[in-house]
Structures are given as structure tokens and as C-alpha cells.
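As stored in upload-v9.pdb (PDB, C-alpha atoms):
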```pdb
ATOM      1  CA  GLN U 876       0.000   0.000   0.000  1.00  0.00           C
ATOM      2  CA  ALA U 877       2.873   2.375   0.794  1.00  0.00           C
ATOM      3  CA  TYR U 878       4.201   1.975  -2.766  1.00  0.00           C
ATOM      4  CA  VAL U 879       0.770   2.714  -4.242  1.00  0.00           C
ATOM      5  CA  ASP U 880       0.517   5.849  -2.096  1.00  0.00           C
ATOM      6  CA  LEU U 881       4.002   6.932  -3.176  1.00  0.00           C
ATOM      7  CA  VAL U 882       3.124   6.498  -6.846  1.00  0.00           C
ATOM      8  CA  ALA U 883      -0.179   8.318  -6.393  1.00  0.00           C
ATOM      9  CA  ASP U 884       1.635  11.228  -4.710  1.00  0.00           C
ATOM     10  CA  ALA U 885       4.188  11.357  -7.526  1.00  0.00           C
ATOM     11  CA  VAL U 886       1.461  11.416 -10.164  1.00  0.00           C
ATOM     12  CA  GLU U 887      -0.390  14.163  -8.307  1.00  0.00           C
ATOM     13  CA  GLU U 888       2.809  16.218  -8.016  1.00  0.00           C
ATOM     14  CA  TRP U 889       3.517  15.746 -11.725  1.00  0.00           C
ATOM     15  CA  ASP U 890      -0.016  16.902 -12.603  1.00  0.00           C
ATOM     16  CA  GLU U 891       0.431  20.028 -10.473  1.00  0.00           C
ATOM     17  CA  ARG U 892       3.765  20.843 -12.095  1.00  0.00           C
ATOM     18  CA  ALA U 893       2.410  20.233 -15.593  1.00  0.00           C
ATOM     19  CA  SER U 894      -0.447  22.618 -14.850  1.00  0.00           C
ATOM     20  CA  LEU U 895       1.980  25.255 -13.561  1.00  0.00           C
ATOM     21  CA  VAL U 896       4.195  24.883 -16.636  1.00  0.00           C
ATOM     22  CA  ALA U 897       1.168  25.276 -18.923  1.00  0.00           C
ATOM     23  CA  THR U 898       0.102  28.441 -17.074  1.00  0.00           C
ATOM     24  CA  LEU U 899       3.604  29.928 -17.220  1.00  0.00           C
ATOM     25  CA  GLU U 900       3.911  29.047 -20.905  1.00  0.00           C
ATOM     26  CA  ARG U 901       0.594  30.773 -21.649  1.00  0.00           C
ATOM     27  CA  HIS U 902       1.729  33.917 -19.792  1.00  0.00           C
ATOM     28  CA  TYR U 903       5.079  33.874 -21.604  1.00  0.00           C
ATOM     29  CA  ASN U 904       3.350  33.605 -24.977  1.00  0.00           C
ATOM     30  CA  ASP U 905       1.003  36.467 -24.048  1.00  0.00           C
ATOM     31  CA  ILE U 906       3.985  38.658 -23.177  1.00  0.00           C
ATOM     32  CA  GLU U 907       5.805  37.738 -26.395  1.00  0.00           C
ATOM     33  CA  ARG U 908       2.666  38.629 -28.402  1.00  0.00           C
ATOM     34  CA  ALA U 909       2.359  41.989 -26.624  1.00  0.00           C
ATOM     35  CA  LEU U 910       6.018  42.773 -27.334  1.00  0.00           C
ATOM     36  CA  ARG U 911       5.548  41.958 -31.037  1.00  0.00           C
ATOM     37  CA  LYS U 912       2.516  44.269 -31.079  1.00  0.00           C
ATOM     38  CA  ILE U 913       4.601  47.071 -29.573  1.00  0.00           C
ATOM     39  CA  GLU U 914       7.212  46.525 -32.289  1.00  0.00           C
ATOM     40  CA  ASN U 915       4.698  46.583 -35.143  1.00  0.00           C
ATOM     41  CA  GLY U 916       2.535  49.385 -33.760  1.00  0.00           C
ATOM     42  CA  THR U 917      -0.601  47.371 -33.003  1.00  0.00           C
ATOM     43  CA  PHE U 918      -0.338  47.279 -29.198  1.00  0.00           C
ATOM     44  CA  GLY U 919      -3.550  48.513 -27.566  1.00  0.00           C
ATOM     45  CA  ILE U 920      -5.739  47.685 -30.564  1.00  0.00           C
ATOM     46  CA  CYS U 921      -8.585  45.182 -30.166  1.00  0.00           C
ATOM     47  CA  GLU U 922      -7.932  42.089 -32.284  1.00  0.00           C
ATOM     48  CA  ILE U 923     -11.653  41.672 -32.915  1.00  0.00           C
ATOM     49  CA  SER U 924     -12.981  45.157 -33.605  1.00  0.00           C
ATOM     50  CA  GLY U 925      -9.822  47.126 -34.364  1.00  0.00           C
ATOM     51  CA  ALA U 926     -10.910  49.739 -31.790  1.00  0.00           C
ATOM     52  CA  PRO U 927      -8.538  50.950 -29.071  1.00  0.00           C
ATOM     53  CA  ILE U 928      -8.284  48.901 -25.892  1.00  0.00           C
ATOM     54  CA  GLU U 929      -9.210  51.019 -22.878  1.00  0.00           C
ATOM     55  CA  GLU U 930      -6.265  52.294 -20.824  1.00  0.00           C
ATOM     56  CA  ASP U 931      -7.636  50.908 -17.564  1.00  0.00           C
ATOM     57  CA  ARG U 932      -7.965  47.459 -19.190  1.00  0.00           C
ATOM     58  CA  LEU U 933      -4.349  47.595 -20.326  1.00  0.00           C
ATOM     59  CA  ASP U 934      -3.297  48.806 -16.877  1.00  0.00           C
ATOM     60  CA  ALA U 935      -5.005  45.772 -15.352  1.00  0.00           C
ATOM     61  CA  ASN U 936      -3.803  43.366 -18.066  1.00  0.00           C
ATOM     62  CA  PRO U 937      -1.026  44.645 -20.351  1.00  0.00           C
ATOM     63  CA  THR U 938      -1.363  41.549 -22.531  1.00  0.00           C
ATOM     64  CA  ALA U 939      -5.094  42.084 -23.201  1.00  0.00           C
ATOM     65  CA  ARG U 940      -5.949  41.334 -26.814  1.00  0.00           C
ATOM     66  CA  THR U 941      -9.419  42.886 -26.868  1.00  0.00           C
ATOM     67  CA  ASN U 942     -11.259  45.921 -25.598  1.00  0.00           C
ATOM     68  CA  LYS U 943     -13.887  45.618 -22.862  1.00  0.00           C
ATOM     69  CA  ALA U 944     -16.699  45.063 -25.347  1.00  0.00           C
ATOM     70  CA  HIS U 945     -14.992  41.870 -26.563  1.00  0.00           C
ATOM     71  CA  MET U 946     -13.158  40.726 -23.440  1.00  0.00           C
ATOM     72  CA  ASN U 947     -15.411  37.665 -23.077  1.00  0.00           C
ATOM     73  CA  ASP U 948     -14.468  36.618 -26.605  1.00  0.00           C
ATOM     74  CA  GLU U 949     -10.725  36.866 -26.022  1.00  0.00           C
ATOM     75  CA  GLY U 950     -10.463  33.170 -25.195  1.00  0.00           C
ATOM     76  CA  THR U 951     -11.743  32.280 -28.649  1.00  0.00           C
ATOM     77  CA  LEU U 952      -8.852  34.024 -30.442  1.00  0.00           C
ATOM     78  CA  PRO U 953      -6.139  31.826 -31.935  1.00  0.00           C
ATOM     79  CA  HIS U 954      -2.951  31.516 -29.913  1.00  0.00           C
TER      80      HIS U 954
END
```

Can you give me the file's structure in the form of C-alpha cells?
Amino acid sequence: QAYVDLVADAVEEWDERASLVATLERHYNDIERALRKIENGTFGICEISGAPIEEDRLDANPTARTNKAHMNDEGTLPH
């Protein structure tokens, strides 16, 4: 039983680390995208409507890809 518990703990720890890595990778990719937008002059422009992203939204989330009107649709954009 001790071996089974040890294996179960190891699997649980691996799952937690994999989840953390996925989250960090997503944040890294968001930052890289924002930096590319700064370089090409499209930072702060909604990817759906082409309208400016509100300053307070960018203050809260500098990697925001949409303005407030489309913030619920941001998850549907391609990565």
C-alpha cells in the first residue's frame, strides 16, 4: 500500500507541475505577443474590432488582446 501511495503522490505532483508549466507558458506567450505588437505598432488595438483597448484594461492586463466590449471573446482568439 505504501508503494501505491508513493506512486499516487508522484502522479499528483507531476499533474500540479504540468499545470503550472502550462500556465507559465501561456503567460510567456502572451507577453511575447504583446512585445511583437509594440514593435509593429498594433499594441492597444482590439484584435476583434480594431478599436482601441481602454487604458484601464491595459493597466489591469497589459497583454489584453481585446477591448472591454470583446473581453469575453478573447479566449476564442487563436494563440

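If you apply the PyMOL selection byres ((chain U and resi 938) around 6) to this structure, you end up with Asp905, Ala909, Asn936, Pro937 and Ala939 of chain U.
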
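Rounded to one decimal, CA of Glu891 in chain U and CA of Leu910 in chain U lie 28.9 Å from each other.
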
key: Result set, the PyMOL selection byres ((chain U and resi 919) around 9) on current file, as a VMD selection string   = chain U and resid 909 912 to 913 916 to 918 920 to 921 926 to 930 933 937 to 942

Per-axis box centre and lengths in Å around range 933-948 of chain U, 6 Å margin per side, axis-aligned, as lines of an AutoDock Vina configuration file:
```
center_x = -8.9
center_y = 42.7
center_z = -21.1
size_x = 27.7
size_y = 24.2
size_z = 23.5
```

query = Could you state the separation of CA of Glu887 in chain U and CA of Leu899 in chain U in Å, given to one decimal place?
reply = 18.5 Å

key: Computed interatomic separation between CA of Asp884 in chain U and CA of Val896 in chain U (Å)   =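 Taking CA of Asp884 in chain U as the start and CA of Val896 in chain U as the end point, the length is 18.3 Å.
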